[in-house]
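Engineer: Contents of protein-v4.pdb (PDB, C-alpha atoms):
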MODEL        1
ATOM      1  CA  MET A  14     -14.439  46.598  -0.158
ATOM      2  CA  MET A  15     -12.001  43.753  -0.831
ATOM      3  CA  THR A  16      -9.188  43.091   1.629
ATOM      4  CA  MET A  17      -6.031  41.080   1.077
ATOM      5  CA  SER A  18      -5.054  38.377   3.503
ATOM      6  CA  ALA A  19      -2.483  39.586   5.991
ATOM      7  CA  THR A  20      -0.970  36.103   6.296
ATOM      8  CA  PRO A  21       1.765  35.514   3.686
ATOM      9  CA  SER A  22       1.808  32.242   1.793
ATOM     10  CA  LYS A  23       4.366  29.551   2.509
ATOM     11  CA  TYR A  24       6.402  30.371  -0.575
ATOM     12  CA  GLN A  25       6.305  34.139   0.053
ATOM     13  CA  SER A  26       7.686  33.452   3.520
ATOM     14  CA  VAL A  27      10.450  31.281   2.084
ATOM     15  CA  PHE A  28      11.502  33.899  -0.477
ATOM     16  CA  ARG A  29      11.292  36.697   2.082
ATOM     17  CA  GLY A  30      13.375  34.693   4.540
ATOM     18  CA  THR A  31      15.975  33.942   1.862
ATOM     19  CA  LEU A  32      16.291  37.616   0.922
ATOM     20  CA  ASN A  33      16.620  38.596   4.571
ATOM     21  CA  VAL A  34      19.448  36.093   5.006
ATOM     22  CA  LEU A  35      21.236  37.449   1.939
ATOM     23  CA  ILE A  36      20.963  41.053   3.099
ATOM     24  CA  MET A  37      22.137  40.119   6.591
ATOM     25  CA  LEU A  38      25.170  38.221   5.295
ATOM     26  CA  LEU A  39      26.158  41.021   2.923
ATOM     27  CA  GLY A  40      25.801  43.647   5.649
ATOM     28  CA  LEU A  41      27.718  41.523   8.136
ATOM     29  CA  ALA A  42      30.567  40.906   5.697
ATOM     30  CA  SER A  43      30.774  44.581   4.793
ATOM     31  CA  GLY A  44      30.787  45.683   8.445
ATOM     32  CA  VAL A  45      33.437  43.165   9.452
ATOM     33  CA  ALA A  46      35.648  44.235   6.561
ATOM     34  CA  GLN A  47      35.389  47.903   7.570
ATOM     35  CA  LEU A  48      35.979  47.288  11.273
ATOM     36  CA  ALA A  49      38.963  45.022  10.707
ATOM     37  CA  GLU A  50      40.492  47.450   8.207
ATOM     38  CA  PHE A  51      41.428  44.607   5.863
ATOM     39  CA  PRO A  52      43.368  45.518   2.734
ATOM     40  CA  ALA A  53      41.122  46.329  -0.201
ATOM     41  CA  ARG A  54      42.068  43.186  -2.162
ATOM     42  CA  ILE A  55      41.407  40.844   0.773
ATOM     43  CA  ALA A  56      38.131  42.609   1.511
ATOM     44  CA  GLN A  57      37.081  42.199  -2.122
ATOM     45  CA  TRP A  58      37.902  38.491  -2.011
ATOM     46  CA  ALA A  59      35.983  38.047   1.216
ATOM     47  CA  LEU A  60      33.002  39.945  -0.138
ATOM     48  CA  THR A  61      33.109  37.927  -3.365
ATOM     49  CA  ALA A  62      33.207  34.670  -1.400
ATOM     50  CA  VAL A  63      30.228  35.766   0.691
ATOM     51  CA  CYS A  64      28.315  36.756  -2.445
ATOM     52  CA  LEU A  65      29.035  33.398  -4.077
ATOM     53  CA  ALA A  66      27.944  31.561  -0.936
ATOM     54  CA  CYS A  67      24.749  33.604  -0.831
ATOM     55  CA  LEU A  68      24.128  32.933  -4.514
ATOM     56  CA  LEU A  69      24.633  29.198  -3.993
ATOM     57  CA  TYR A  70      22.287  29.274  -1.021
ATOM     58  CA  PHE A  71      19.671  31.097  -3.094
ATOM     59  CA  VAL A  72      19.980  28.592  -5.974
ATOM     60  CA  VAL A  73      19.615  25.637  -3.614
ATOM     61  CA  ARG A  74      16.566  27.170  -1.960
ATOM     62  CA  PHE A  75      15.012  27.962  -5.323
ATOM     63  CA  TRP A  76      15.616  24.389  -6.524
ATOM     64  CA  GLN A  77      14.080  23.057  -3.311
ATOM     65  CA  ILE A  78      10.951  25.150  -3.780
ATOM     66  CA  ALA A  79      10.650  24.081  -7.430
ATOM     67  CA  PHE A  80      11.075  20.441  -6.386
ATOM     68  CA  VAL A  81       8.344  20.724  -3.739
ATOM     69  CA  LEU A  82       5.983  22.350  -6.239
ATOM     70  CA  LYS A  83       6.652  19.583  -8.782
ATOM     71  CA  ILE A  84       6.044  16.874  -6.179
ATOM     72  CA  ARG A  85       2.720  18.464  -5.254
ATOM     73  CA  GLN A  86       1.739  18.668  -8.908
ATOM     74  CA  LEU A  87       2.619  15.007  -9.489
ATOM     75  CA  ARG A  88       0.713  13.944  -6.379
ATOM     76  CA  GLY A  89      -2.343  15.776  -7.636
ATOM     77  CA  GLU A  90      -2.048  14.069 -11.017
ATOM     78  CA  VAL A  91      -1.666  10.667  -9.343
ATOM     79  CA  VAL A  92      -4.826  11.252  -7.314
ATOM     80  CA  GLU A  93      -6.754  12.258 -10.446
ATOM     81  CA  LYS A  94      -5.482   9.261 -12.429
ATOM     82  CA  THR A  95      -6.254   6.903  -9.550
ATOM     83  CA  GLN A  96      -9.813   8.181  -9.322
ATOM     84  CA  ALA A  97     -10.280   7.884 -13.097
ATOM     85  CA  LEU A  98      -8.861   4.345 -13.064
ATOM     86  CA  ALA A  99     -11.197   3.364 -10.219
ATOM     87  CA  LEU A 100     -14.192   4.610 -12.210
ATOM     88  CA  GLN A 101     -13.041   2.677 -15.272
ATOM     89  CA  ARG A 102     -12.607  -0.488 -13.221
ATOM     90  CA  VAL A 103     -16.109  -0.154 -11.814
ATOM     91  CA  GLY A 104     -17.535   0.264 -15.307
ATOM     92  CA  HIS A 105     -15.461  -2.629 -16.637
ATOM     93  CA  GLN A 106     -16.584  -4.888 -13.796
ATOM     94  CA  ARG A 107     -20.219  -4.088 -14.563
ATOM     95  CA  TYR A 108     -19.726  -5.295 -18.127
ATOM     96  CA  LEU A 109     -18.061  -8.482 -16.884
ATOM     97  CA  ASP A 110     -20.852  -9.116 -14.376
ATOM     98  CA  ALA A 111     -23.481  -8.615 -17.085
ATOM     99  CA  ILE A 112     -21.729 -11.081 -19.409
ATOM    100  CA  GLN A 113     -21.475 -13.641 -16.609
ATOM    101  CA  ARG A 114     -25.175 -13.275 -15.752
ATOM    102  CA  ILE A 115     -26.154 -13.731 -19.398
ATOM    103  CA  SER A 116     -23.910 -16.771 -19.699
ATOM    104  CA  ASP A 117     -25.199 -18.312 -16.459
ATOM    105  CA  ARG A 118     -28.850 -17.870 -17.392
ATOM    106  CA  GLU A 119     -28.529 -19.268 -20.903
ATOM    107  CA  LYS A 120     -28.825 -23.012 -21.113
ATOM    108  CA  PRO A 121     -26.367 -24.637 -23.517
ATOM    109  CA  LEU A 122     -27.690 -24.532 -27.074
ATOM    110  CA  PHE A 123     -25.333 -27.245 -28.228
ATOM    111  CA  GLN A 124     -24.120 -30.785 -27.680
ATOM    112  CA  GLU A 125     -20.528 -31.887 -27.709
ATOM    113  CA  THR A 126     -17.992 -34.593 -27.061
ATOM    114  CA  LEU A 127     -15.056 -33.739 -24.852
ATOM    115  CA  GLU A 128     -11.639 -35.369 -24.587
ATOM    116  CA  VAL A 129      -9.303 -33.966 -21.947
ATOM    117  CA  THR A 130      -5.621 -34.877 -21.702
ATOM    118  CA  VAL A 131      -4.207 -34.188 -18.252
ATOM    119  CA  THR A 132      -0.404 -34.250 -18.287
ATOM    120  CA  VAL A 133       1.257 -34.581 -14.898
ATOM    121  CA  GLY A 134       4.707 -33.154 -15.483
ATOM    122  CA  ALA A 135       7.986 -34.079 -13.882
ATOM    123  CA  ASP A 136       8.154 -30.477 -12.626
ATOM    124  CA  ASP A 137       5.903 -27.425 -12.314
ATOM    125  CA  ASP A 138       6.666 -26.107 -15.792
ATOM    126  CA  SER A 139       5.640 -29.296 -17.592
ATOM    127  CA  ASP A 140       2.083 -29.576 -16.228
ATOM    128  CA  ARG A 141      -0.269 -29.278 -19.210
ATOM    129  CA  ILE A 142      -3.967 -29.558 -20.126
ATOM    130  CA  VAL A 143      -5.465 -30.113 -23.589
ATOM    131  CA  GLU A 144      -9.247 -30.076 -24.126
ATOM    132  CA  LYS A 145     -10.479 -31.322 -27.509
ATOM    133  CA  ARG A 146     -14.139 -30.748 -28.317
ATOM    134  CA  VAL A 147     -16.519 -31.498 -31.162
ATOM    135  CA  THR A 148     -19.460 -29.131 -30.763
ATOM    136  CA  THR A 149     -22.791 -29.494 -32.549
ATOM    137  CA  PRO A 150     -24.719 -26.203 -32.295
ATOM    138  CA  GLY A 151     -28.473 -26.048 -32.200
ATOM    139  CA  PRO A 152     -28.754 -24.237 -34.496
ATOM    140  CA  LEU A 153     -26.184 -21.463 -33.891
ATOM    141  CA  LEU A 154     -23.384 -20.926 -31.386
ATOM    142  CA  THR A 155     -21.634 -17.559 -31.182
ATOM    143  CA  HIS A 156     -20.036 -17.719 -27.733
ATOM    144  CA  ARG A 157     -19.704 -19.675 -24.507
ATOM    145  CA  THR A 158     -17.766 -19.643 -21.251
ATOM    146  CA  MET A 159     -15.468 -22.193 -19.662
ATOM    147  CA  ARG A 160     -13.285 -22.614 -16.590
ATOM    148  CA  PRO A 161      -9.753 -23.905 -17.197
ATOM    149  CA  ILE A 162      -8.216 -26.258 -14.643
ATOM    150  CA  VAL A 163      -5.875 -24.187 -12.456
ATOM    151  CA  PRO A 164      -4.137 -24.686  -9.089
ATOM    152  CA  THR A 165      -6.314 -23.911  -6.063
ATOM    153  CA  TYR A 166      -4.001 -24.881  -3.193
ATOM    154  CA  ASP A 167      -2.861 -21.273  -2.697
ATOM    155  CA  ASP A 168      -4.379 -17.790  -2.949
ATOM    156  CA  ARG A 169      -2.565 -16.585  -6.029
ATOM    157  CA  ILE A 170      -4.549 -14.830  -8.761
ATOM    158  CA  VAL A 171      -4.456 -16.691 -12.080
ATOM    159  CA  ARG A 172      -4.535 -14.820 -15.398
ATOM    160  CA  LEU A 173      -4.751 -16.055 -18.968
ATOM    161  CA  ASP A 174      -1.152 -15.086 -19.653
ATOM    162  CA  ASP A 175      -0.019 -17.053 -16.604
ATOM    163  CA  VAL A 176      -1.240 -20.334 -18.128
ATOM    164  CA  ALA A 177      -0.307 -19.572 -21.774
ATOM    165  CA  PHE A 178      -3.930 -20.129 -22.813
ATOM    166  CA  LYS A 179      -4.503 -20.939 -26.511
ATOM    167  CA  ALA A 180      -7.730 -21.721 -28.371
ATOM    168  CA  TYR A 181      -8.149 -22.586 -32.032
ATOM    169  CA  ARG A 182     -10.455 -24.334 -34.483
ATOM    170  CA  GLN A 183      -9.390 -27.236 -36.638
ATOM    171  CA  THR A 184     -11.176 -25.676 -39.627
ATOM    172  CA  SER A 185     -11.388 -22.057 -40.748
ATOM    173  CA  GLY A 186     -12.349 -19.392 -38.261
ATOM    174  CA  THR A 187     -10.970 -17.936 -35.063
ATOM    175  CA  ILE A 188     -11.675 -18.111 -31.346
ATOM    176  CA  THR A 189     -11.188 -15.016 -29.217
ATOM    177  CA  ALA A 190     -10.582 -15.808 -25.548
ATOM    178  CA  LEU A 191     -11.325 -13.026 -23.064
ATOM    179  CA  PRO A 192     -10.964 -13.294 -19.276
ATOM    180  CA  LEU A 193     -14.214 -12.817 -17.371
ATOM    181  CA  GLU A 194     -12.914 -13.685 -13.941
ATOM    182  CA  GLN A 195      -9.265 -13.707 -12.911
ATOM    183  CA  THR A 196      -9.161 -14.919  -9.341
ATOM    184  CA  ARG A 197      -8.289 -18.301  -7.870
ATOM    185  CA  LEU A 198     -10.836 -19.724 -10.340
ATOM    186  CA  LEU A 199     -10.195 -18.484 -13.862
ATOM    187  CA  ARG A 200     -13.174 -18.049 -16.189
ATOM    188  CA  VAL A 201     -12.891 -17.418 -19.936
ATOM    189  CA  TRP A 202     -15.367 -16.056 -22.475
ATOM    190  CA  MET A 203     -14.953 -17.774 -25.851
ATOM    191  CA  ILE A 204     -16.192 -15.902 -28.938
ATOM    192  CA  PHE A 205     -16.436 -17.857 -32.208
ATOM    193  CA  ASP A 206     -15.928 -16.049 -35.510
ATOM    194  CA  PRO A 207     -17.724 -17.030 -37.631
ATOM    195  CA  ALA A 208     -20.434 -18.558 -35.478
ATOM    196  CA  MET A 209     -20.734 -22.346 -35.410
ATOM    197  CA  THR A 210     -23.576 -23.635 -37.584
ATOM    198  CA  SER A 211     -22.449 -27.263 -38.007
ATOM    199  CA  PRO A 212     -20.403 -29.787 -35.999
ATOM    200  CA  THR A 213     -17.065 -28.108 -35.328
ATOM    201  CA  GLU A 214     -13.842 -29.499 -33.898
ATOM    202  CA  TRP A 215     -11.839 -27.132 -31.727
ATOM    203  CA  GLN A 216      -9.503 -27.272 -28.768
ATOM    204  CA  VAL A 217      -7.867 -25.292 -26.012
ATOM    205  CA  GLU A 218      -4.529 -25.947 -24.382
ATOM    206  CA  TYR A 219      -2.830 -24.306 -21.457
ATOM    207  CA  ARG A 220      -0.075 -24.797 -18.906
ATOM    208  CA  PRO A 221      -1.270 -24.353 -15.303
ATOM    209  CA  ARG A 222       2.176 -24.158 -13.741
ATOM    210  CA  GLY A 223       2.419 -26.160 -10.527
ATOM    211  CA  LEU A 224      -1.022 -27.754 -10.891
ATOM    212  CA  TRP A 225       0.271 -31.156  -9.787
ATOM    213  CA  ARG A 226       2.899 -29.989  -7.297
ATOM    214  CA  PRO A 227       1.017 -31.559  -4.340
ATOM    215  CA  LEU A 228       0.863 -34.880  -6.216
ATOM    216  CA  ARG A 229       4.616 -34.818  -6.817
ATOM    217  CA  GLU A 230       5.372 -33.875  -3.215
ATOM    218  CA  ARG A 231       3.019 -36.136  -1.254
ATOM    219  CA  GLY A 232       1.969 -38.781  -3.783
ATOM    220  CA  TRP A 233      -1.776 -38.064  -3.915
ATOM    221  CA  ASP A 234      -4.149 -35.347  -5.115
ATOM    222  CA  GLN A 235      -7.589 -34.916  -6.655
ATOM    223  CA  LEU A 236      -9.196 -33.344  -9.717
ATOM    224  CA  VAL A 237     -12.760 -31.984  -9.686
ATOM    225  CA  TRP A 238     -14.882 -31.332 -12.772
ATOM    226  CA  GLU A 239     -18.339 -29.745 -12.634
ATOM    227  CA  ASP A 240     -20.646 -30.675 -15.513
ATOM    228  CA  ARG A 241     -23.044 -27.941 -16.643
ATOM    229  CA  LEU A 242     -26.714 -27.541 -15.836
ATOM    230  CA  PRO A 243     -29.450 -29.163 -17.974
ATOM    231  CA  THR A 244     -29.509 -28.026 -21.591
ATOM    232  CA  ALA A 245     -32.287 -26.221 -23.445
ATOM    233  CA  ALA A 246     -33.336 -29.579 -24.914
ATOM    234  CA  GLY A 247     -34.007 -30.926 -21.420
ATOM    235  CA  THR A 248     -31.061 -33.336 -21.270
ATOM    236  CA  PRO A 249     -29.024 -33.323 -18.036
ATOM    237  CA  SER A 250     -25.755 -32.466 -19.795
ATOM    238  CA  ALA A 251     -24.469 -30.932 -23.008
ATOM    239  CA  PHE A 252     -21.887 -33.734 -23.191
ATOM    240  CA  THR A 253     -22.687 -36.793 -25.250
ATOM    241  CA  ARG A 254     -19.315 -38.343 -24.457
ATOM    242  CA  PHE A 255     -16.694 -37.419 -21.875
ATOM    243  CA  GLN A 256     -13.171 -38.838 -21.759
ATOM    244  CA  VAL A 257     -10.119 -37.950 -19.681
ATOM    245  CA  THR A 258      -6.624 -39.297 -20.351
ATOM    246  CA  PHE A 259      -4.256 -39.021 -17.392
ATOM    247  CA  SER A 260      -0.573 -39.018 -18.342
ATOM    248  CA  PHE A 261       1.964 -39.576 -15.549
ATOM    249  CA  PRO A 262       5.762 -39.189 -15.620
ATOM    250  CA  GLU A 263       8.073 -42.176 -15.851
ATOM    251  CA  ASN A 264       8.096 -44.234 -12.666
ATOM    252  CA  ALA A 265       8.847 -47.826 -11.693
ATOM    253  CA  LYS A 266       5.444 -48.174 -10.008
ATOM    254  CA  PRO A 267       2.187 -47.607 -11.913
ATOM    255  CA  PRO A 268      -0.073 -44.727 -10.824
ATOM    256  CA  SER A 269      -3.742 -45.036  -9.946
ATOM    257  CA  VAL A 270      -6.881 -43.038 -10.789
ATOM    258  CA  LYS A 271     -10.319 -43.599  -9.287
ATOM    259  CA  GLU A 272     -13.538 -41.639  -9.697
ATOM    260  CA  ARG A 273     -14.814 -41.222  -6.159
ATOM    261  CA  GLU A 274     -18.497 -41.964  -6.891
ATOM    262  CA  GLY A 275     -17.795 -44.728  -9.378
ATOM    263  CA  TYR A 276     -18.949 -42.749 -12.424
ATOM    264  CA  GLY A 277     -17.622 -43.937 -15.773
ATOM    265  CA  VAL A 278     -15.004 -46.624 -16.341
ATOM    266  CA  ILE A 279     -11.232 -46.477 -15.957
ATOM    267  CA  GLU A 280      -8.724 -48.552 -17.908
ATOM    268  CA  GLU A 281      -5.641 -50.146 -16.409
ATOM    269  CA  PRO A 282      -2.441 -48.091 -16.569
ATOM    270  CA  VAL A 283      -0.410 -48.576 -19.733
ATOM    271  CA  ARG A 284       3.255 -47.688 -20.059
ATOM    272  CA  GLY A 285       4.260 -46.082 -23.332
ATOM    273  CA  PRO A 286       7.574 -46.243 -25.231
ATOM    274  CA  SER A 287       8.741 -43.044 -23.501
ATOM    275  CA  GLY A 288       8.232 -44.623 -20.084
ATOM    276  CA  ARG A 289       5.242 -42.439 -19.213
ATOM    277  CA  TRP A 290       2.113 -44.033 -17.777
ATOM    278  CA  GLU A 291      -1.342 -43.400 -19.225
ATOM    279  CA  MET A 292      -4.773 -44.141 -17.799
ATOM    280  CA  VAL A 293      -7.977 -43.470 -19.747
ATOM    281  CA  TRP A 294     -11.280 -42.760 -18.011
ATOM    282  CA  ARG A 295     -14.547 -42.307 -19.922
ATOM    283  CA  ASP A 296     -18.243 -41.750 -19.366
ATOM    284  CA  GLU A 297     -20.351 -42.656 -22.380
ATOM    285  CA  LYS A 298     -23.523 -41.230 -20.825
ATOM    286  CA  PRO A 299     -22.752 -37.995 -18.972
ATOM    287  CA  ALA A 300     -25.623 -36.778 -16.825
ATOM    288  CA  GLY A 301     -24.625 -33.409 -15.389
ATOM    289  CA  ARG A 302     -22.527 -34.877 -12.618
ATOM    290  CA  ARG A 303     -19.793 -33.613 -10.358
ATOM    291  CA  TYR A 304     -16.734 -35.757 -10.990
ATOM    292  CA  ILE A 305     -13.939 -36.186  -8.451
ATOM    293  CA  TRP A 306     -10.902 -38.231  -9.436
ATOM    294  CA  ASP A 307      -8.394 -39.348  -6.802
ATOM    295  CA  LEU A 308      -4.871 -39.647  -8.219
ATOM    296  CA  THR A 309      -1.871 -41.367  -6.661
ATOM    297  CA  GLN A 310       1.691 -41.926  -7.813
ATOM    298  CA  SER A 311       4.947 -43.020  -6.254
ATOM    299  CA  VAL A 312       7.043 -40.188  -4.845
ATOM    300  CA  GLY A 313      10.719 -40.013  -5.613
ATOM    301  CA  GLY A 314      10.977 -40.391  -9.378
ATOM    302  CA  PRO A 315      11.785 -43.470 -11.489
TER     303      PRO A 315
ENDMDL
END
If you took the structure in this file and wrote it as structure tokens, what would it be?

Structural biologist:
Amino acid sequence: MMTMSATPSKYQSVFRGTLNVLIMLLGLASGVAQLAEFPARIAQWALTAVCLACLLYFVVRFWQIAFVLKIRQLRGEVVEKTQALALQRVGHQRYLDAIQRISDREKPLFQETLEVTVTVGADDDSDRIVEKRVTTPGPLLTHRTMRPIVPTYDDRIVRLDDVAFKAYRQTSGTITALPLEQTRLLRVWMIFDPAMTSPTEWQVEYRPRGLWRPLRERGWDQLVWEDRLPTAAGTPSAFTRFQVTFSFPENAKPPSVKEREGYGVIEEPVRGPSGRWEMVWRDEKPAGRRYIWDLTQSVGGP
């Protein structure tokens, strides 16, 4: 035999309490009117006022209950959406991890020359990096990964949109850039369409806002570049030539650049027609090294 719960629900209690209040107010108003022997018209007005007040009270209570129910419904939907989003993020991260593992395990099946232009801006917004590459696949190159140069002096998360990342080929074809890792160290998956089958010139450019803020504020900073692991051909680096041009803002005193371990050669600073200083560093025989350049410039402007 089925039995019903003797405990009323929260909303049944609310409705029952509201009805009890209405009945009590109506009875009280009617009794007071009879005992006081008010004129009929005044009694009608008083009773009408009480009825309107009761009706308003009932409407407000009903709206409150509807509002509470809606809030509970929305909270339930938020919980469901949050759980679904968490599952999607886990699945998405698994794909990213798999792509990174594949990329890390594959030795470069190409050789290339690389020319990087590092522009030290006069302010945060004018810091800029351009990487020009000529890649010779062996025999086919469909994708690769790279790490753009981004600020690392704080804990902010860097995304592709934050640095206005652009990649394009000098000839026909497209490059699709997808973020693999968006933390303090940005990593990008480059997909070439069509695949490279012959020497191809392409470049990326981006604006890492505030990259050289420490250099502008204190007059010195450093840049680190990690060359890749040995290639499939057994050579220590995929680079056959590596060049970096450092461009500094106009200043009365020339800047300085020095590779900490003495790798490569650095030219003397040259001042261009615009007043900016340029220094060119190059390594004609890259060997999978870790490069660290120490940069200095005068603080305080021209």

Engineer: Work out how far apart atom CA of Ala208 of chain A and atom CA of Arg254 of chain A are and give it in Å to one decimal.

Structural biologist: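 Going from atom CA of Ala208 of chain A over to atom CA of Arg254 of chain A covers 22.7 Å.
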
Engineer: Translate the PyMOL selection byres ((chain A and resi 215) around 9) into a concrete residue list for this structure, as a list of chain:residue names.

Structural biologist: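 Here the PyMOL selection byres ((chain A and resi 215) around 9) matches A:Glu144, A:Lys145, A:Arg146, A:Val147, A:Thr148, A:Ala180, A:Tyr181, A:Arg182, A:Gln183, A:Thr184, A:Thr213, A:Glu214, A:Gln216, A:Val217.
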
Engineer: Counting only C-alpha atoms, what is within 9 Å of segment 155-158 of chain A, bar same-chain residues fewer than 5 positions away, as a list in words?

Structural biologist: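 In the requested format, the answer is Gln113, Ser116, Asp117, Pro121, Leu193, Arg200, Val201, Trp202, Met203, Ile204, Phe205, Asp206, Pro207, Ala208 and Met209 of chain A.
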
Engineer: Quote the spacing between atom CA of Arg289 of chain A and atom CA of Phe261 of chain A in Å to one decimal place.

Structural biologist: 5.7 Å

Engineer: Find the residue from A:Val278, A:Leu87, A:Ala99, A:Val312 that sits nearest to Lys266 of chain A; use all atoms listed in the file when measuring.

Structural biologist: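 Of the candidates, the smallest distance to Lys266 of chain A is held by A:Val312.
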
Engineer: Selected by the PyMOL selection byres ((chain A and resi 162) around 10) in the shown coordinates: which residues, as a list of chain:residue names?

Structural biologist: A:Val131, A:Arg141, A:Ile142, A:Met159, A:Arg160, A:Pro161, A:Val163, A:Pro164, A:Thr165, A:Val176, A:Leu198, A:Leu199, A:Arg200, A:Tyr219, A:Arg220, A:Pro221, A:Leu224, A:Leu236, A:Val237, A:Trp238

Engineer: Generate a file of the selected residues that holds C-alpha atoms, formatted as a JSON list (two decimals), keeping the file's coordinate frame.

Structural biologist:
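Result went into selection37.json, see below:
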[["chain", "number", "residue", "atom", "x", "y", "z"],
["A", 131, "VAL", "CA", -4.21, -34.19, -18.25],
["A", 141, "ARG", "CA", -0.27, -29.28, -19.21],
["A", 142, "ILE", "CA", -3.97, -29.56, -20.13],
["A", 159, "MET", "CA", -15.47, -22.19, -19.66],
["A", 160, "ARG", "CA", -13.28, -22.61, -16.59],
["A", 161, "PRO", "CA", -9.75, -23.90, -17.20],
["A", 163, "VAL", "CA", -5.88, -24.19, -12.46],
["A", 164, "PRO", "CA", -4.14, -24.69, -9.09],
["A", 165, "THR", "CA", -6.31, -23.91, -6.06],
["A", 176, "VAL", "CA", -1.24, -20.33, -18.13],
["A", 198, "LEU", "CA", -10.84, -19.72, -10.34],
["A", 199, "LEU", "CA", -10.20, -18.48, -13.86],
["A", 200, "ARG", "CA", -13.17, -18.05, -16.19],
["A", 219, "TYR", "CA", -2.83, -24.31, -21.46],
["A", 220, "ARG", "CA", -0.08, -24.80, -18.91],
["A", 221, "PRO", "CA", -1.27, -24.35, -15.30],
["A", 224, "LEU", "CA", -1.02, -27.75, -10.89],
["A", 236, "LEU", "CA", -9.20, -33.34, -9.72],
["A", 237, "VAL", "CA", -12.76, -31.98, -9.69],
["A", 238, "TRP", "CA", -14.88, -31.33, -12.77]]

Engineer: Could you state which residues are captured by the PyMOL selection byres ((chain A and resi 311) around 12) in this file, as a VMD selection string?

Structural biologist: chain A and resid 228 to 234 261 to 269 290 308 to 310 312 to 315

Engineer: Have a look at A:Thr248, A:Ser139, A:Ser260, A:Thr132 and name the one nearest to Gly223 of chain A; count only C-alpha atoms.

Structural biologist: A:Ser139

Engineer: Counting only C-alpha atoms, which residue out of A:Arg303, A:Arg107, A:Asp137, A:Leu98 sits closest to Glu239 of chain A?

Structural biologist: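 Looking at the shortest contact to Glu239 of chain A, the residue is A:Arg303.
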
Engineer: With 3 Å of padding per side, what axis-aligned box (centre and edge lengths, Å, one decimal) covers all the listed atoms of segment 290-306 of chain A? Give it as lines of an AutoDock Vina configuration file.

Structural biologist:
center_x = -11.8
center_y = -38.8
center_z = -15.4
size_x = 33.7
size_y = 16.7
size_z = 19.9

Engineer: Using atom CA of Gln106 of chain A and atom CA of Leu153 of chain A as the two end points, give the distance in Å to one decimal.

Structural biologist: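 Rounded to one decimal, the two atoms are 27.8 Å apart.
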